[in-house]
$ cat run_23.cif   # mmCIF, C-alpha atoms and all ligand atoms
data_structure
loop_
_atom_site.label_atom_id
_atom_site.label_comp_id
_atom_site.auth_asym_id
_atom_site.auth_seq_id
_atom_site.Cartn_x
_atom_site.Cartn_y
_atom_site.Cartn_z
CA SER A 1 -17.44 3.72 2.35
CA ASP A 2 -19.98 4.00 -0.38
CA PHE A 3 -19.43 1.87 -3.44
CA PRO A 4 -18.79 2.08 -6.29
CA LEU A 5 -15.63 4.13 -6.05
CA TYR A 6 -14.22 5.15 -9.43
CA ALA A 7 -10.63 6.12 -10.24
CA SER A 8 -8.09 6.24 -13.03
CA ALA A 9 -4.34 6.02 -12.56
CA LYS A 10 -1.18 4.91 -14.28
CA VAL A 11 0.51 1.60 -13.51
CA VAL A 12 3.79 2.09 -11.66
CA HIS A 13 6.53 -0.32 -10.66
CA GLY A 14 6.14 -2.01 -7.30
CA PHE A 15 8.89 -3.61 -5.30
CA GLY A 16 8.84 -6.67 -7.57
CA ARG A 17 8.57 -8.95 -4.59
CA GLY A 18 7.63 -11.79 -6.84
CA SER A 19 3.86 -11.59 -7.09
CA LYS A 20 4.19 -12.45 -10.74
CA GLN A 21 6.31 -15.50 -9.97
CA MET A 22 3.56 -16.63 -7.57
CA GLY A 23 1.07 -16.31 -10.42
CA ILE A 24 -0.63 -13.27 -8.92
CA PRO A 25 0.84 -10.15 -10.54
CA THR A 26 -0.52 -6.90 -9.10
CA ALA A 27 -0.64 -3.72 -11.12
CA ASN A 28 0.43 -1.02 -8.66
CA LEU A 29 -1.48 2.23 -9.18
CA ASN A 30 0.17 5.64 -8.89
CA PRO A 31 -1.13 6.90 -5.53
CA GLU A 32 -0.67 10.52 -6.58
CA GLU A 33 -3.50 10.14 -9.09
CA LEU A 34 -5.88 8.36 -6.74
CA PRO A 35 -8.70 10.11 -4.89
CA LYS A 36 -8.72 10.37 -1.12
CA GLU A 37 -11.71 8.02 -0.86
CA ILE A 38 -9.57 5.21 -2.19
CA LEU A 39 -6.32 6.08 -0.37
CA ASP A 40 -8.24 6.33 2.90
CA LEU A 41 -9.96 2.94 2.60
CA PRO A 42 -9.33 0.57 5.54
CA LYS A 43 -6.45 -1.75 4.71
CA GLY A 44 -7.61 -4.98 3.19
CA VAL A 45 -8.91 -6.65 0.07
CA TYR A 46 -11.63 -5.26 -2.21
CA PHE A 47 -13.11 -6.31 -5.55
CA GLY A 48 -14.50 -4.70 -8.63
CA TRP A 49 -14.05 -4.12 -12.34
CA VAL A 50 -10.99 -2.80 -14.15
CA GLN A 51 -10.01 -1.71 -17.64
CA VAL A 52 -6.47 -1.36 -18.96
CA LYS A 53 -6.17 1.29 -21.65
CA GLY A 54 -3.48 1.40 -24.25
CA GLU A 55 -2.27 0.59 -27.71
CA GLY A 56 -2.35 -3.10 -28.51
CA LEU A 57 -3.82 -4.09 -25.15
CA ASP A 58 -6.93 -6.07 -24.41
CA ALA A 59 -9.29 -3.22 -23.46
CA GLY A 60 -12.03 -5.44 -22.04
CA VAL A 61 -13.49 -4.68 -18.61
CA GLN A 62 -12.23 -7.45 -16.33
CA LYS A 63 -12.81 -8.69 -12.80
CA MET A 64 -10.24 -7.68 -10.22
CA VAL A 65 -9.24 -7.96 -6.59
CA MET A 66 -7.60 -4.90 -5.08
CA ASN A 67 -5.27 -4.77 -2.11
CA VAL A 68 -4.97 -1.66 0.02
CA GLY A 69 -1.86 -1.97 2.13
CA ASN A 70 1.01 -0.24 3.81
CA ARG A 71 4.30 0.37 2.11
CA PRO A 72 6.59 -1.61 4.38
CA THR A 73 9.57 0.65 3.71
CA PHE A 74 7.58 3.65 4.83
CA ALA A 75 5.85 2.05 7.80
CA ASP A 76 6.14 5.25 9.79
CA SER A 77 4.11 7.22 7.27
CA ASP A 78 0.54 6.96 6.09
CA ALA A 79 1.64 5.98 2.60
CA VAL A 80 -0.37 3.13 1.17
CA THR A 81 -0.07 0.96 -1.91
CA ILE A 82 -3.06 0.22 -4.07
CA GLU A 83 -2.52 -2.93 -6.16
CA VAL A 84 -4.89 -4.62 -8.55
CA HIS A 85 -4.72 -8.27 -9.58
CA ILE A 86 -6.73 -8.64 -12.77
CA LEU A 87 -8.51 -11.93 -13.46
CA HIS A 88 -7.43 -11.97 -17.06
CA ASP A 89 -4.46 -13.41 -18.91
CA TYR A 90 -2.69 -10.41 -20.45
CA LYS A 91 0.02 -11.42 -22.85
CA ILE A 92 2.25 -8.47 -22.10
CA ASP A 93 3.08 -6.15 -19.21
CA PHE A 94 1.43 -2.74 -19.14
CA TYR A 95 3.58 -0.53 -16.95
CA GLY A 96 2.89 3.15 -17.64
CA GLN A 97 -0.59 2.52 -19.02
CA ASP A 98 -3.77 4.05 -17.64
CA VAL A 99 -6.24 1.85 -15.86
CA GLY A 100 -9.76 2.65 -14.75
CA ILE A 101 -11.25 0.93 -11.72
CA ALA A 102 -14.74 0.66 -10.26
CA VAL A 103 -14.41 -0.66 -6.71
CA LEU A 104 -17.62 -2.39 -5.67
CA GLY A 105 -17.06 -3.95 -2.29
CA PHE A 106 -14.92 -5.15 0.57
CA ILE A 107 -13.80 -8.77 1.01
CA ARG A 108 -11.66 -8.84 4.17
CA PRO A 109 -9.30 -6.79 6.31
CA GLU A 110 -5.51 -6.98 6.06
CA MET A 111 -4.10 -10.03 7.82
CA LYS A 112 -0.81 -11.56 8.79
CA PHE A 113 -0.11 -14.98 7.33
CA SER A 114 2.13 -17.64 8.84
CA SER A 115 3.54 -18.62 5.44
CA LEU A 116 3.61 -17.63 1.81
CA ASP A 117 1.51 -20.72 1.02
CA ALA A 118 -1.17 -19.56 3.46
CA LEU A 119 -1.20 -16.13 1.84
CA VAL A 120 -1.48 -17.53 -1.68
CA GLU A 121 -4.27 -19.87 -0.56
CA ARG A 122 -6.20 -16.96 0.96
CA ILE A 123 -5.80 -14.89 -2.20
CA GLY A 124 -7.31 -17.84 -4.06
CA ASP A 125 -10.33 -17.61 -1.76
CA ASP A 126 -10.50 -13.84 -2.29
CA ILE A 127 -10.56 -14.40 -6.05
CA LYS A 128 -13.38 -16.95 -5.70
CA ALA A 129 -15.38 -14.54 -3.57
CA ALA A 130 -14.84 -11.67 -6.03
CA THR A 131 -15.87 -13.88 -8.94
CA LEU A 132 -19.12 -14.87 -7.22
CA TYR A 133 -20.01 -11.31 -6.19
CA LEU A 134 -19.32 -9.94 -9.66
CA GLU A 135 -21.62 -12.54 -11.26
CA GLU A 136 -24.56 -11.10 -9.31
CA GLU A 137 -26.79 -9.08 -11.60
CA VAL A 138 -26.43 -5.71 -9.88
CA LEU A 139 -22.64 -5.86 -9.62
CA LYS A 140 -22.25 -7.42 -13.05
CA SER A 141 -24.05 -4.43 -14.53
CA TYR A 142 -21.07 -2.21 -13.70
CA GLN A 143 -18.99 -4.07 -16.29
CA THR A 144 -20.75 -1.95 -18.90
CA ASP A 145 -20.76 1.21 -16.77
CA ARG A 146 -20.51 4.51 -18.65
CA PHE A 147 -17.26 5.12 -16.75
CA PHE A 148 -15.53 2.47 -18.86
CA ARG A 149 -16.68 4.05 -22.12
CA MET A 150 -15.34 7.56 -21.48
P1 LIG A 201 5.48 -4.99 -9.45
O1 LIG A 201 6.12 -5.21 -8.13
O2 LIG A 201 6.29 -4.11 -10.37
O3 LIG A 201 4.07 -4.49 -9.31
P2 LIG A 201 4.33 -7.59 -10.12
O4 LIG A 201 5.04 -8.90 -9.96
O5 LIG A 201 3.26 -7.28 -9.11
O6 LIG A 201 5.43 -6.43 -10.17
O7 LIG A 201 3.73 -7.58 -11.59
C1 LIG A 201 2.86 -6.53 -11.95
C2 LIG A 201 2.83 -6.22 -13.44
O8 LIG A 201 2.44 -7.37 -14.19
C3 LIG A 201 1.78 -5.17 -13.74
O9 LIG A 201 2.27 -3.85 -13.57
C4 LIG A 201 1.42 -5.48 -15.20
O10 LIG A 201 2.25 -4.72 -16.07
C5 LIG A 201 1.71 -6.97 -15.34
N1 LIG A 201 0.53 -7.83 -15.41
C6 LIG A 201 0.35 -8.81 -16.35
N2 LIG A 201 -0.80 -9.46 -16.15
C7 LIG A 201 -1.40 -8.90 -15.07
C8 LIG A 201 -2.64 -9.16 -14.39
N3 LIG A 201 -3.46 -10.14 -14.79
N4 LIG A 201 -2.94 -8.41 -13.29
C9 LIG A 201 -2.10 -7.43 -12.90
N5 LIG A 201 -0.91 -7.14 -13.50
C10 LIG A 201 -0.55 -7.86 -14.57
MG MG A 202 2.64 -5.37 -8.03
#

$ encode --input "run_23.cif" --output "structure tokens"
Amino acid sequence: SDFPLYASAKVVHGFGRGSKQMGIPTANLNPEELPKEILDLPKGVYFGWVQVKGEGLDAGVQKMVMNVGNRPTFADSDAVTIEVHILHDYKIDFYGQDVGIAVLGFIRPEMKFSSLDALVERIGDDIKAATLYLEEEVLKSYQTDRFFRM
């Protein structure tokens, strides 16, 4: 794929499998609003910039890691979930709000983990990688991309 990939979509409810309890909430994006280039991405973890739009919300452009994965309940279909963990401490939930994303690169393919601890540890590494990439001048410049000012 060619990056950046841009998209806007509303935040929908996921399965509430406890990402928030693990300290890594993921804003699930409505797949019906997402372009094919994002839905067709190889399953795995990506990184980029994100902006949550809405009344009373912190509208800053923040770092994010994005997971492209299968919907377990619909394993027989091609349906995917696109979830974004934002590296920012929002004080409130923002279900139903619009978010804009600029996806800038790929971190790793989808993997199976032997335990929840192993998964959480790996996500920590993904976050470190995303943070380092996004501090690089060229990728940092997308934080002020025109896309986020429309
Ligand atoms: P769900 O299964 O409904 O997606 P999660 O446990 O993944 O539940 O929590 C996701 C929700 O948490 C998001 O939809 C959003 O409203 C809220 N949230 C708060 N802070 C963040 C954050 N930093 N990144 C992503 N979502 C966040
Ligand atoms: Mg989620």

$ atom_distance --input "run_23.cif" --atom1 "CA of Pro25 (chain A)" --atom2 "CA of Ala7 (chain A)"
19.9 Å

$ atom_distance --input "run_23.cif" --atom1 "atom C2 of ligand LIG 201 (chain A)" --atom2 "CA of Asp98 (chain A)"
12.9 Å

$ residues_around --input "run_23.cif" --residues "Val52 (chain A)" --least-positions-apart "4" --cutoff "8 Å" --atoms "all atoms listed in the file" --output "PDB file with C-alpha atoms, in the frame of the given file"
ATOM      1  CA  LEU A  57      -3.820  -4.090 -25.150  1.00  0.00           C
ATOM      2  CA  ASP A  58      -6.930  -6.070 -24.410  1.00  0.00           C
ATOM      3  CA  ALA A  59      -9.290  -3.220 -23.460  1.00  0.00           C
ATOM      4  CA  GLY A  60     -12.030  -5.440 -22.040  1.00  0.00           C
ATOM      5  CA  VAL A  61     -13.490  -4.680 -18.610  1.00  0.00           C
ATOM      6  CA  GLN A  97      -0.590   2.520 -19.020  1.00  0.00           C
ATOM      7  CA  ASP A  98      -3.770   4.050 -17.640  1.00  0.00           C
ATOM      8  CA  VAL A  99      -6.240   1.850 -15.860  1.00  0.00           C
ATOM      9  CA  GLY A 100      -9.760   2.650 -14.750  1.00  0.00           C
TER      10      GLY A 100
END

$ residues_near_ligand --input "run_23.cif" --ligand "ligand LIG 201 (chain A)" --cutoff "12 Å" --atoms "all atoms listed in the file" --output "PDB file with C-alpha atoms, in the frame of the given file"
ATOM      1  CA  ALA A   9      -4.340   6.020 -12.560  1.00  0.00           C
ATOM      2  CA  LYS A  10      -1.180   4.910 -14.280  1.00  0.00           C
ATOM      3  CA  VAL A  11       0.510   1.600 -13.510  1.00  0.00           C
ATOM      4  CA  VAL A  12       3.790   2.090 -11.660  1.00  0.00           C
ATOM      5  CA  HIS A  13       6.530  -0.320 -10.660  1.00  0.00           C
ATOM      6  CA  GLY A  14       6.140  -2.010  -7.300  1.00  0.00           C
ATOM      7  CA  PHE A  15       8.890  -3.610  -5.300  1.00  0.00           C
ATOM      8  CA  GLY A  16       8.840  -6.670  -7.570  1.00  0.00           C
ATOM      9  CA  ARG A  17       8.570  -8.950  -4.590  1.00  0.00           C
ATOM     10  CA  GLY A  18       7.630 -11.790  -6.840  1.00  0.00           C
ATOM     11  CA  SER A  19       3.860 -11.590  -7.090  1.00  0.00           C
ATOM     12  CA  LYS A  20       4.190 -12.450 -10.740  1.00  0.00           C
ATOM     13  CA  GLN A  21       6.310 -15.500  -9.970  1.00  0.00           C
ATOM     14  CA  MET A  22       3.560 -16.630  -7.570  1.00  0.00           C
ATOM     15  CA  GLY A  23       1.070 -16.310 -10.420  1.00  0.00           C
ATOM     16  CA  ILE A  24      -0.630 -13.270  -8.920  1.00  0.00           C
ATOM     17  CA  PRO A  25       0.840 -10.150 -10.540  1.00  0.00           C
ATOM     18  CA  THR A  26      -0.520  -6.900  -9.100  1.00  0.00           C
ATOM     19  CA  ALA A  27      -0.640  -3.720 -11.120  1.00  0.00           C
ATOM     20  CA  ASN A  28       0.430  -1.020  -8.660  1.00  0.00           C
ATOM     21  CA  LEU A  29      -1.480   2.230  -9.180  1.00  0.00           C
ATOM     22  CA  ASN A  30       0.170   5.640  -8.890  1.00  0.00           C
ATOM     23  CA  TRP A  49     -14.050  -4.120 -12.340  1.00  0.00           C
ATOM     24  CA  VAL A  50     -10.990  -2.800 -14.150  1.00  0.00           C
ATOM     25  CA  GLN A  51     -10.010  -1.710 -17.640  1.00  0.00           C
ATOM     26  CA  VAL A  52      -6.470  -1.360 -18.960  1.00  0.00           C
ATOM     27  CA  LYS A  53      -6.170   1.290 -21.650  1.00  0.00           C
ATOM     28  CA  GLY A  54      -3.480   1.400 -24.250  1.00  0.00           C
ATOM     29  CA  LEU A  57      -3.820  -4.090 -25.150  1.00  0.00           C
ATOM     30  CA  ASP A  58      -6.930  -6.070 -24.410  1.00  0.00           C
ATOM     31  CA  GLN A  62     -12.230  -7.450 -16.330  1.00  0.00           C
ATOM     32  CA  LYS A  63     -12.810  -8.690 -12.800  1.00  0.00           C
ATOM     33  CA  MET A  64     -10.240  -7.680 -10.220  1.00  0.00           C
ATOM     34  CA  VAL A  65      -9.240  -7.960  -6.590  1.00  0.00           C
ATOM     35  CA  MET A  66      -7.600  -4.900  -5.080  1.00  0.00           C
ATOM     36  CA  ASN A  67      -5.270  -4.770  -2.110  1.00  0.00           C
ATOM     37  CA  ARG A  71       4.300   0.370   2.110  1.00  0.00           C
ATOM     38  CA  THR A  81      -0.070   0.960  -1.910  1.00  0.00           C
ATOM     39  CA  ILE A  82      -3.060   0.220  -4.070  1.00  0.00           C
ATOM     40  CA  GLU A  83      -2.520  -2.930  -6.160  1.00  0.00           C
ATOM     41  CA  VAL A  84      -4.890  -4.620  -8.550  1.00  0.00           C
ATOM     42  CA  HIS A  85      -4.720  -8.270  -9.580  1.00  0.00           C
ATOM     43  CA  ILE A  86      -6.730  -8.640 -12.770  1.00  0.00           C
ATOM     44  CA  LEU A  87      -8.510 -11.930 -13.460  1.00  0.00           C
ATOM     45  CA  HIS A  88      -7.430 -11.970 -17.060  1.00  0.00           C
ATOM     46  CA  ASP A  89      -4.460 -13.410 -18.910  1.00  0.00           C
ATOM     47  CA  TYR A  90      -2.690 -10.410 -20.450  1.00  0.00           C
ATOM     48  CA  LYS A  91       0.020 -11.420 -22.850  1.00  0.00           C
ATOM     49  CA  ILE A  92       2.250  -8.470 -22.100  1.00  0.00           C
ATOM     50  CA  ASP A  93       3.080  -6.150 -19.210  1.00  0.00           C
ATOM     51  CA  PHE A  94       1.430  -2.740 -19.140  1.00  0.00           C
ATOM     52  CA  TYR A  95       3.580  -0.530 -16.950  1.00  0.00           C
ATOM     53  CA  GLY A  96       2.890   3.150 -17.640  1.00  0.00           C
ATOM     54  CA  GLN A  97      -0.590   2.520 -19.020  1.00  0.00           C
ATOM     55  CA  ASP A  98      -3.770   4.050 -17.640  1.00  0.00           C
ATOM     56  CA  VAL A  99      -6.240   1.850 -15.860  1.00  0.00           C
TER      57      VAL A  99
END

$ atom_distance --input "run_23.cif" --atom1 "CA of Val45 (chain A)" --atom2 "CA of Gly105 (chain A)"
8.9 Å

$ closest_residue --input "run_23.cif" --among "A:Val80, A:Val68, A:Val120, A:Ile38" --to "Ser8 (chain A)" --atoms "all atoms listed in the file"
A:Ile38

$ closest_residue --input "run_23.cif" --among "A:Leu134, A:Phe113, A:Ile127, A:Ala102" --to "Arg146 (chain A)" --atoms "all atoms listed in the file"
A:Ala102

$ closest_residue --input "run_23.cif" --among "A:Val138, A:Leu41, A:Arg122, A:Gly69" --to "ligand MG 202 (chain A)" --atoms "all atoms listed in the file"
A:Gly69

$ axis_aligned_box --input "run_23.cif" --around "region 137-146 of chain A" --padding-each-side "5 Å" --output "JSON"
{"center_x": -22.9, "center_y": -2.3, "center_z": -14.3, "size_x": 17.8, "size_y": 23.6, "size_z": 19.3}

$ closest_residue --input "run_23.cif" --among "A:Leu139, A:Ala79, A:Met150, A:Met111" --to "Pro31 (chain A)" --atoms "only C-alpha atoms"
A:Ala79

$ closest_residue --input "run_23.cif" --among "A:Phe106, A:Tyr133, A:Phe47, A:Tyr6" --to "Phe147 (chain A)" --atoms "all atoms listed in the file"
A:Tyr6
